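First comes the structure, then the notes that go with it.
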Amino acid sequence: MALFDKFSRLAAARRDLAGYGVNPFGVEVERVLSATEGEIAGRRTILAGTNNYLGLSFDPECIAAARAALLAEGTGTTGSRMANGTFTGHLALERELAEFYRRRAAIVFSTGYLANLGILSSLTAPGDVLLVDADCHASIYDGGRMSGAQVIRFRHNQPEDLRKRLLRLGERAADAVIVVEGLYSMLGDRAPLAALAEVKRECGGYLVVDEAHSLGVAGEHGRGVAEEAGVEADVDFVIGTFSKSLGATGGFCVSDRPELDVIRYASRPYIFTASPSPSVVASTRAALGILRRRPELRRRLWDNAGRLYHGLEALGFRLGPEPSPVVAVLLETKAQALAFWAGLIERGVYVNLMIPPATPNGTSLVRCSVSAAHEPEQIDALCAAFAELRGIAATPGHRACGADLAVASAKTSRGGG
Ligand code: PMP
């Protein structure tokens with residue numbers, strides 16, 4: 001195969017999409033109007049596919065903090081934390097994250113993707129074992145690949161399957177690393193963390209939970225699904241991102257393990273990339289403060305999530321298993337999902353199109369993410385737009401557009417965010 005032949009399938013899939021006018025995998029938001037509204041294809045559009053769970057991307061306090069840091073410290077750190085890029089803000093953010101999670105220490109990474117890559121690739125090495133939930137994010141699988149450890153998938157949200165695989169490992173189970181997410185971003189379902197923690201206690205191993213979609217969303221204090229399930233003591237490493245509820249970019253890991261600080265110096269995705277910009281660190285610190293001080297944002301988020309989930313349920317749509325800020329509408333075929341997505345864009349609603357191989361079990365879906373900043377009227381407008389498109393969901397034979405949206409370059413299971 002010639003060097004560029006591998007792209008031909010992807011190129012054909014992209015040509016198929018051209019007929020729809022807007023490319024679902026590269027939507028241009030021409031103007032950002034607020035945390036919940038933008039202009040797409042010249043149309044005022046409700047943004048319901050941004051994971052901006054607490055709506056903090058336009059929070060005045062976060063913007064003021066970012067602006068002050070920009071003026072005081074400049075646009076970028078221009079270097080890696082180890083060489084020349086550790087600023088006071090990075091250390092303060094690490095202290096604040098550790099304190100929020102009531103853990104001994106934290107490491108801040110430049111993105112959530114790099115946090116998974118950095119922790120998993122340095123925690124495990126060839127000869128070690130990672131047991132990963134089948135629906136985990138691509139960054140978790142990529143971390144496993146980078147480490148050279150043996151990666152064993154277990155069935156999504158099935159603690160019994162995990163137990164079986166741990167038992168098969170015999171003595172090696174004691175040092176196995178189990179990785180799950182708190183809230184899964186495709187279907188909005190939670191990990192059964194109480195049962196998973198019990199399996200870990202019984203069979204051994206270390207537990208890593210990626211709370212990317214549950215920080216600020218689940219748990220009484222917003223620490224995530226482990227807090228909600230009352231099993232934080234069983235979690236050895238919590239990983240998360242600043243790119244969702246905190247409205248910025250960056251990632252982190254917190255832990256009580258004394259080795260965490262040494263892991264920092266073994267982690268190539270920490271060492272060999274520039275550290276987060278001062279303005280990003282400042283807005284993230286402000287957002288973390290708001291997350292802690294204003295639990296009412298979490299309540300609003302869940303009110304909105306329930307309103308959308310039950311609204312769509314009443315319209316007869318097939319949804320993910322439980323109400324959550326990620327509301328997935330399951331469709332029969334890729335073509336249906338694409339037609340649905342395009343119909344929503346025409347009606348001024350932006351959600352995410354998710355199709356295989358980025359989705360679990362070959363499912364095609366459109367995924368909404370709800371924000372605390374959505375007004376109830378916006379949620380009702382989303383439901384009304386979905387109602388108008390019900391015909392598409394009701395016709396499984398909807399004409400296939402031939403788009404094999406393989407997103408073939410995604411070499412691991414999941415890429416969706
Ligand atoms: N983990 C999970 C579970 C995610 O869904 C994502 C992003 N979608 C990431 C990690 C990566 O986060 P970031 O966007 O900060 O790189």
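So you can find residues: chains in the structure tokens are A, B, ... in the order shown, residues in each start at 1, and ligands are numbered from 1 in order.
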
Just the residues within 9 Å of Arg95 (chain A), please, counting only C-alpha atoms, with nothing from its chain fewer than 5 positions along; format it as a ChimeraX atom specification.
/A:90,100,104-106

Closest atom pairs, residues of chain A within 8 Å of ligand 1, only C-alpha atoms and all ligand atoms, as CSV:
residue,atom,partner,partner_atom_place_in_ligand_line,distance
A:Ser110,CA,ligand 1,15 (O),7.9
A:Thr111,CA,ligand 1,15 (O),4.3
A:Gly112,CA,ligand 1,15 (O),3.3
A:Tyr113,CA,ligand 1,16 (O),3.7
A:Leu114,CA,ligand 1,16 (O),6.5
A:Ala115,CA,ligand 1,10 (C),7.8
A:Asn116,CA,ligand 1,10 (C),6.8
A:Cys136,CA,ligand 1,3 (C),6.6
A:His137,CA,ligand 1,3 (C),5.0
A:Ala138,CA,ligand 1,1 (N),7.8
A:Ser139,CA,ligand 1,10 (C),6.0
A:Ile140,CA,ligand 1,1 (N),7.2
A:Glu181,CA,ligand 1,3 (C),6.0
A:Leu183,CA,ligand 1,3 (C),7.8
A:Tyr184,CA,ligand 1,3 (C),6.7
A:Ser185,CA,ligand 1,5 (O),5.7
A:Asp210,CA,ligand 1,3 (C),5.9
A:Glu211,CA,ligand 1,3 (C),6.8
A:Ala212,CA,ligand 1,3 (C),5.0
A:His213,CA,ligand 1,3 (C),6.4
A:Ile239,CA,ligand 1,1 (N),7.9
A:Gly240,CA,ligand 1,10 (C),6.8
A:Thr241,CA,ligand 1,15 (O),4.6
A:Phe242,CA,ligand 1,15 (O),6.0
A:Ser243,CA,ligand 1,15 (O),4.9
A:Lys244,CA,ligand 1,15 (O),7.5
A:Thr249,CA,ligand 1,15 (O),5.7
A:Gly250,CA,ligand 1,15 (O),5.3
A:Gly251,CA,ligand 1,15 (O),5.5
A:Gly415,CA,ligand 1,8 (N),7.5
A:Gly416,CA,ligand 1,8 (N),5.9
A:Gly417,CA,ligand 1,8 (N),2.7

Write a file of the selected residues as a compact mmCIF listing (two decimals), in the first residue's frame, keeping C-alpha atoms.
# COMPACT_ATOMS: atom_id res chain seq x y z
CA SER A 110 -1.82 20.55 29.30
CA THR A 111 -4.98 18.61 28.28
CA GLY A 112 -7.14 15.81 29.63
CA TYR A 113 -5.90 13.63 26.80
CA LEU A 114 -2.34 14.15 28.00
CA ALA A 115 -3.36 13.44 31.61
CA ASN A 116 -4.52 9.94 30.65
CA CYS A 136 -13.37 4.04 27.79
CA HIS A 137 -12.13 7.07 25.91
CA ALA A 138 -9.44 6.81 23.23
CA SER A 139 -6.94 8.65 25.45
CA ILE A 140 -7.10 5.77 27.95
CA GLU A 181 -14.78 6.52 33.66
CA LEU A 183 -19.88 9.17 33.62
CA TYR A 184 -19.54 7.79 30.10
CA SER A 185 -19.71 10.41 27.40
CA ASP A 210 -11.50 9.33 34.74
CA GLU A 211 -14.09 11.83 35.98
CA ALA A 212 -13.83 14.01 32.84
CA HIS A 213 -17.62 14.21 32.45
CA ILE A 239 -8.09 11.85 36.35
CA GLY A 240 -10.01 14.76 34.92
CA THR A 241 -10.11 17.61 32.48
CA PHE A 242 -10.60 21.37 32.61
CA SER A 243 -12.25 21.33 29.19
CA LYS A 244 -15.79 20.51 30.29
CA THR A 249 -8.36 23.40 28.60
CA GLY A 250 -6.02 21.20 30.59
CA GLY A 251 -6.12 18.02 32.62
CA GLY A 415 -12.62 9.17 19.94
CA GLY A 416 -15.66 11.12 20.92
CA GLY A 417 -15.42 13.72 23.53

Per residue of region 264-325 of chain A within 8 Å of region 219-236 of chain A, what are the shortest atom pair and its distance in Å to one decimal, counting only C-alpha atoms, with rows by chain and residue number, as a tab-separated table?
residue	atom	partner	partner_atom	distance
A:Leu291	CA	A:Gly222	CA	7.3
A:Arg292	CA	A:His221	CA	6.7
A:Pro295	CA	A:His221	CA	7.3
A:Arg298	CA	A:Gly222	CA	7.7

Let me see the file: selected residues, C-alpha atoms, as a tab-separated table (two decimals), in the first residue's frame.
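Result file is selection18.tsv:
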chain	number	residue	atom	x	y	z
A	291	LEU	CA	-17.81	24.96	41.24
A	292	ARG	CA	-17.18	24.69	44.99
A	295	PRO	CA	-23.80	24.01	44.12
A	298	ARG	CA	-25.18	21.59	39.60

Ser277 (chain A) surroundings by only C-alpha atoms, 8 Å radius, close-in-sequence under 4 positions cut, as a PyMOL selection string
chain A and resi 75-77+281

Given the selection you just returned, output its residues as a file containing all heavy atoms, formatted as a PDB file, in the first residue's frame.
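Dumped to again38.pdb:
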ATOM      1  N   THR A  75       0.992  35.796  27.157  1.00  0.00           N
ATOM      2  CA  THR A  75       0.076  34.894  26.447  1.00  0.00           C
ATOM      3  C   THR A  75       0.384  33.414  26.636  1.00  0.00           C
ATOM      4  O   THR A  75      -0.483  32.567  26.485  1.00  0.00           O
ATOM      5  CB  THR A  75       0.116  35.178  24.932  1.00  0.00           C
ATOM      6  OG1 THR A  75       1.495  35.140  24.518  1.00  0.00           O
ATOM      7  CG2 THR A  75      -0.490  36.532  24.602  1.00  0.00           C
ATOM      8  N   GLY A  76       1.651  33.083  26.941  1.00  0.00           N
ATOM      9  CA  GLY A  76       1.973  31.657  27.063  1.00  0.00           C
ATOM     10  C   GLY A  76       3.188  31.434  27.938  1.00  0.00           C
ATOM     11  O   GLY A  76       3.945  32.377  28.220  1.00  0.00           O
ATOM     12  N   THR A  77       3.368  30.203  28.358  1.00  0.00           N
ATOM     13  CA  THR A  77       4.535  29.900  29.191  1.00  0.00           C
ATOM     14  C   THR A  77       5.756  29.624  28.330  1.00  0.00           C
ATOM     15  O   THR A  77       6.878  29.645  28.808  1.00  0.00           O
ATOM     16  CB  THR A  77       4.280  28.650  30.048  1.00  0.00           C
ATOM     17  OG1 THR A  77       4.069  27.540  29.168  1.00  0.00           O
ATOM     18  CG2 THR A  77       3.065  28.818  30.936  1.00  0.00           C
ATOM     19  N   VAL A 281      -4.812  28.795  33.225  1.00  0.00           N
ATOM     20  CA  VAL A 281      -4.672  28.385  34.633  1.00  0.00           C
ATOM     21  C   VAL A 281      -5.541  29.293  35.516  1.00  0.00           C
ATOM     22  O   VAL A 281      -6.250  28.821  36.413  1.00  0.00           O
ATOM     23  CB  VAL A 281      -3.188  28.454  35.065  1.00  0.00           C
ATOM     24  CG1 VAL A 281      -3.034  28.242  36.568  1.00  0.00           C
ATOM     25  CG2 VAL A 281      -2.374  27.407  34.300  1.00  0.00           C
TER      26      VAL A 281
END

Write out as a PyMOL selection string the residues lying within 10 Å of Ala385 (chain A), counting only C-alpha atoms and excluding same-chain residues fewer than 2 positions away.
chain A and resi 343-349+379-383+387-390

Preceding selection exported with all heavy atoms as a CSV table (one decimal), in the first residue's frame:
chain,number,residue,atom,x,y,z
A,343,GLY,N,-30.8,17.9,10.0
A,343,GLY,CA,-32.1,18.6,10.3
A,343,GLY,C,-32.1,19.5,11.5
A,343,GLY,O,-32.7,20.6,11.5
A,344,LEU,N,-31.4,19.1,12.5
A,344,LEU,CA,-31.3,19.9,13.7
A,344,LEU,C,-30.5,21.2,13.4
A,344,LEU,O,-30.9,22.3,13.9
A,344,LEU,CB,-30.6,19.1,14.9
A,344,LEU,CG,-31.4,18.0,15.5
A,344,LEU,CD1,-30.6,17.2,16.4
A,344,LEU,CD2,-32.6,18.6,16.2
A,345,ILE,N,-29.4,21.1,12.7
A,345,ILE,CA,-28.6,22.3,12.3
A,345,ILE,C,-29.5,23.2,11.5
A,345,ILE,O,-29.5,24.4,11.8
A,345,ILE,CB,-27.4,21.9,11.5
A,345,ILE,CG1,-26.3,21.3,12.4
A,345,ILE,CG2,-26.9,23.0,10.6
A,345,ILE,CD1,-25.5,22.4,13.2
A,346,GLU,N,-30.3,22.7,10.6
A,346,GLU,CA,-31.2,23.6,9.8
A,346,GLU,C,-32.2,24.3,10.8
A,346,GLU,O,-32.7,25.4,10.5
A,346,GLU,CB,-32.0,22.8,8.8
A,346,GLU,CG,-31.3,22.5,7.5
A,346,GLU,CD,-32.0,21.5,6.7
A,346,GLU,OE1,-33.2,21.2,6.9
A,346,GLU,OE2,-31.3,20.9,5.9
A,347,ARG,N,-32.5,23.7,11.9
A,347,ARG,CA,-33.5,24.3,12.8
A,347,ARG,C,-32.8,25.1,13.9
A,347,ARG,O,-33.4,25.4,15.0
A,347,ARG,CB,-34.3,23.2,13.4
A,347,ARG,CG,-35.4,22.6,12.4
A,347,ARG,CD,-35.9,21.3,12.8
A,347,ARG,NE,-36.9,20.9,11.8
A,347,ARG,CZ,-36.6,20.4,10.6
A,347,ARG,NH1,-35.4,20.2,10.3
A,347,ARG,NH2,-37.6,20.0,9.8
A,348,GLY,N,-31.5,25.3,13.8
A,348,GLY,CA,-30.8,26.2,14.7
A,348,GLY,C,-30.4,25.4,16.0
A,348,GLY,O,-30.5,26.0,17.1
A,349,VAL,N,-30.1,24.1,15.9
A,349,VAL,CA,-29.8,23.4,17.1
A,349,VAL,C,-28.5,22.6,16.8
A,349,VAL,O,-28.4,21.9,15.8
A,349,VAL,CB,-30.9,22.4,17.5
A,349,VAL,CG1,-30.4,21.4,18.5
A,349,VAL,CG2,-32.1,23.1,18.0
A,379,ILE,N,-34.2,24.5,26.3
A,379,ILE,CA,-34.4,23.0,26.3
A,379,ILE,C,-35.7,22.7,25.6
A,379,ILE,O,-35.8,21.7,24.8
A,379,ILE,CB,-34.5,22.5,27.8
A,379,ILE,CG1,-33.2,22.9,28.6
A,379,ILE,CG2,-34.7,21.0,27.9
A,379,ILE,CD1,-32.0,22.2,28.2
A,380,ASP,N,-36.7,23.5,25.8
A,380,ASP,CA,-38.0,23.2,25.2
A,380,ASP,C,-37.9,23.4,23.6
A,380,ASP,O,-38.5,22.6,22.9
A,380,ASP,CB,-39.1,24.1,25.7
A,380,ASP,CG,-39.4,23.8,27.2
A,380,ASP,OD1,-39.0,22.8,27.7
A,380,ASP,OD2,-40.1,24.7,27.8
A,381,ALA,N,-37.1,24.3,23.2
A,381,ALA,CA,-36.8,24.5,21.8
A,381,ALA,C,-36.1,23.3,21.2
A,381,ALA,O,-36.4,22.9,20.1
A,381,ALA,CB,-36.0,25.8,21.5
A,382,LEU,N,-35.2,22.7,22.0
A,382,LEU,CA,-34.5,21.5,21.5
A,382,LEU,C,-35.5,20.4,21.3
A,382,LEU,O,-35.5,19.7,20.3
A,382,LEU,CB,-33.5,21.0,22.5
A,382,LEU,CG,-32.2,21.8,22.8
A,382,LEU,CD1,-31.4,21.1,23.9
A,382,LEU,CD2,-31.4,21.9,21.6
A,383,CYS,N,-36.4,20.2,22.3
A,383,CYS,CA,-37.4,19.2,22.2
A,383,CYS,C,-38.3,19.4,21.0
A,383,CYS,O,-38.6,18.5,20.2
A,383,CYS,CB,-38.3,19.1,23.4
A,383,CYS,SG,-37.4,18.5,24.9
A,387,ALA,N,-38.9,17.0,17.8
A,387,ALA,CA,-40.3,16.5,17.5
A,387,ALA,C,-40.5,16.6,16.0
A,387,ALA,O,-41.1,15.8,15.4
A,387,ALA,CB,-41.3,17.3,18.3
A,388,GLU,N,-40.0,17.7,15.4
A,388,GLU,CA,-40.3,17.9,14.0
A,388,GLU,C,-39.5,16.9,13.1
A,388,GLU,O,-39.9,16.6,12.0
A,388,GLU,CB,-39.7,19.3,13.5
A,388,GLU,CG,-40.7,20.4,13.9
A,388,GLU,CD,-40.2,21.8,13.5
A,388,GLU,OE1,-39.4,21.9,12.5
A,388,GLU,OE2,-40.5,22.8,14.2
A,389,LEU,N,-38.5,16.3,13.7
A,389,LEU,CA,-37.7,15.3,12.9
A,389,LEU,C,-38.1,13.9,13.2
A,389,LEU,O,-37.4,13.0,12.8
A,389,LEU,CB,-36.2,15.6,13.2
A,389,LEU,CG,-35.7,16.9,12.7
A,389,LEU,CD1,-34.3,17.2,13.3
A,389,LEU,CD2,-35.6,16.9,11.2
A,390,ARG,N,-39.1,13.7,14.0
A,390,ARG,CA,-39.5,12.3,14.4
A,390,ARG,C,-39.6,11.4,13.3
A,390,ARG,O,-39.3,10.2,13.4
A,390,ARG,CB,-40.8,12.3,15.2
A,390,ARG,CG,-40.5,12.1,16.7
A,390,ARG,CD,-41.8,12.0,17.5
A,390,ARG,NE,-42.7,13.1,17.3
A,390,ARG,CZ,-43.8,13.3,17.9
A,390,ARG,NH1,-44.2,12.4,18.8
A,390,ARG,NH2,-44.6,14.3,17.7

Could you tell me how far CA of Ser34 (chain A) lies from CA of Leu319 (chain A), in Å and to one decimal?
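CA of Leu319 (chain A) lies 27.5 Å from CA of Ser34 (chain A).
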
Write out as a PyMOL selection string the residues lying within 8 Å of Gly55 (chain A), counting only C-alpha atoms and excluding same-chain residues fewer than 5 positions away.
chain A and resi 35-36+245+247+371-374

How would the residues just picked look written out with all heavy atoms as a compact mmCIF listing (two decimals), in the first residue's frame?
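New file again.txt:
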# COMPACT_ATOMS: atom_id res chain seq x y z
N ALA A 35 -22.47 31.09 26.37
CA ALA A 35 -22.16 29.68 26.65
C ALA A 35 -23.15 28.75 25.97
O ALA A 35 -22.88 27.56 25.80
CB ALA A 35 -22.17 29.45 28.16
N THR A 36 -24.29 29.26 25.57
CA THR A 36 -25.32 28.37 25.00
C THR A 36 -25.77 28.76 23.59
O THR A 36 -26.64 28.11 23.02
CB THR A 36 -26.58 28.34 25.90
OG1 THR A 36 -27.10 29.68 25.99
CG2 THR A 36 -26.26 27.81 27.28
N SER A 245 -16.61 20.94 32.57
CA SER A 245 -17.31 21.79 33.55
C SER A 245 -16.51 23.04 33.92
O SER A 245 -17.08 24.01 34.41
CB SER A 245 -17.63 20.98 34.81
OG SER A 245 -16.45 20.43 35.34
N GLY A 247 -14.68 24.84 31.78
CA GLY A 247 -14.75 25.79 30.66
C GLY A 247 -13.41 26.26 30.11
O GLY A 247 -13.31 27.34 29.53
N SER A 371 -26.33 22.16 29.67
CA SER A 371 -25.54 23.07 30.51
C SER A 371 -26.44 23.69 31.56
O SER A 371 -27.64 23.90 31.33
CB SER A 371 -24.96 24.17 29.62
OG SER A 371 -24.36 25.16 30.40
N ALA A 372 -25.82 24.06 32.69
CA ALA A 372 -26.55 24.82 33.70
C ALA A 372 -26.97 26.17 33.13
O ALA A 372 -27.92 26.79 33.61
CB ALA A 372 -25.68 25.03 34.92
N ALA A 373 -26.26 26.63 32.10
CA ALA A 373 -26.56 27.94 31.53
C ALA A 373 -27.72 27.91 30.54
O ALA A 373 -28.20 28.97 30.12
CB ALA A 373 -25.31 28.49 30.83
N HIS A 374 -28.19 26.73 30.14
CA HIS A 374 -29.37 26.69 29.26
C HIS A 374 -30.59 27.21 30.00
O HIS A 374 -30.81 26.87 31.18
CB HIS A 374 -29.66 25.25 28.78
CG HIS A 374 -28.77 24.78 27.68
ND1 HIS A 374 -28.03 23.62 27.74
CD2 HIS A 374 -28.50 25.33 26.45
CE1 HIS A 374 -27.33 23.47 26.62
NE2 HIS A 374 -27.60 24.49 25.83

At what distance in Å, to one decimal, does CA of Leu117 (chain A) lie from CA of Phe58 (chain A)?
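Between CA of Phe58 (chain A) and CA of Leu117 (chain A) the gap is 29.1 Å.
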
Among region 162-302 of chain A, which residues carry a DSSP assignment of helix (DSSP H, G or I), reported as an MDAnalysis selection string?
chainID A and resid 162:168 170:175 193:203 225:229 232:234 260:266 268:271 278:293 295:302

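Proximity of A:Leu93, A:Val329, A:Ala11, A:Val370 to Leu187 (chain A), computed with only C-alpha atoms, is greatest for A:Val329.
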
Can you tell me which residues surround Thr45 (chain A) at a distance of at most 7 Å, considering only C-alpha atoms, apart from same-chain residues fewer than 5 positions away, and format the answer as a PyMOL selection string?
chain A and resi 37-40+348-350

Those residues with C-alpha atoms, as a PDB file, in the first residue's frame please?
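Contents of out.pdb, freshly written:
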ATOM      1  CA  GLU A  37     -25.640  30.248  21.704  1.00  0.00           C
ATOM      2  CA  GLY A  38     -23.555  30.738  18.596  1.00  0.00           C
ATOM      3  CA  GLU A  39     -23.909  31.439  14.918  1.00  0.00           C
ATOM      4  CA  ILE A  40     -23.497  28.476  12.580  1.00  0.00           C
ATOM      5  CA  GLY A 348     -30.771  26.156  14.736  1.00  0.00           C
ATOM      6  CA  VAL A 349     -29.751  23.373  17.096  1.00  0.00           C
ATOM      7  CA  TYR A 350     -26.185  22.105  17.407  1.00  0.00           C
TER       8      TYR A 350
END

Residue nearest Glu259 (chain A) among A:Leu56, A:Leu97, A:Leu123, A:Ala41 (counting only C-alpha atoms):
A:Leu123
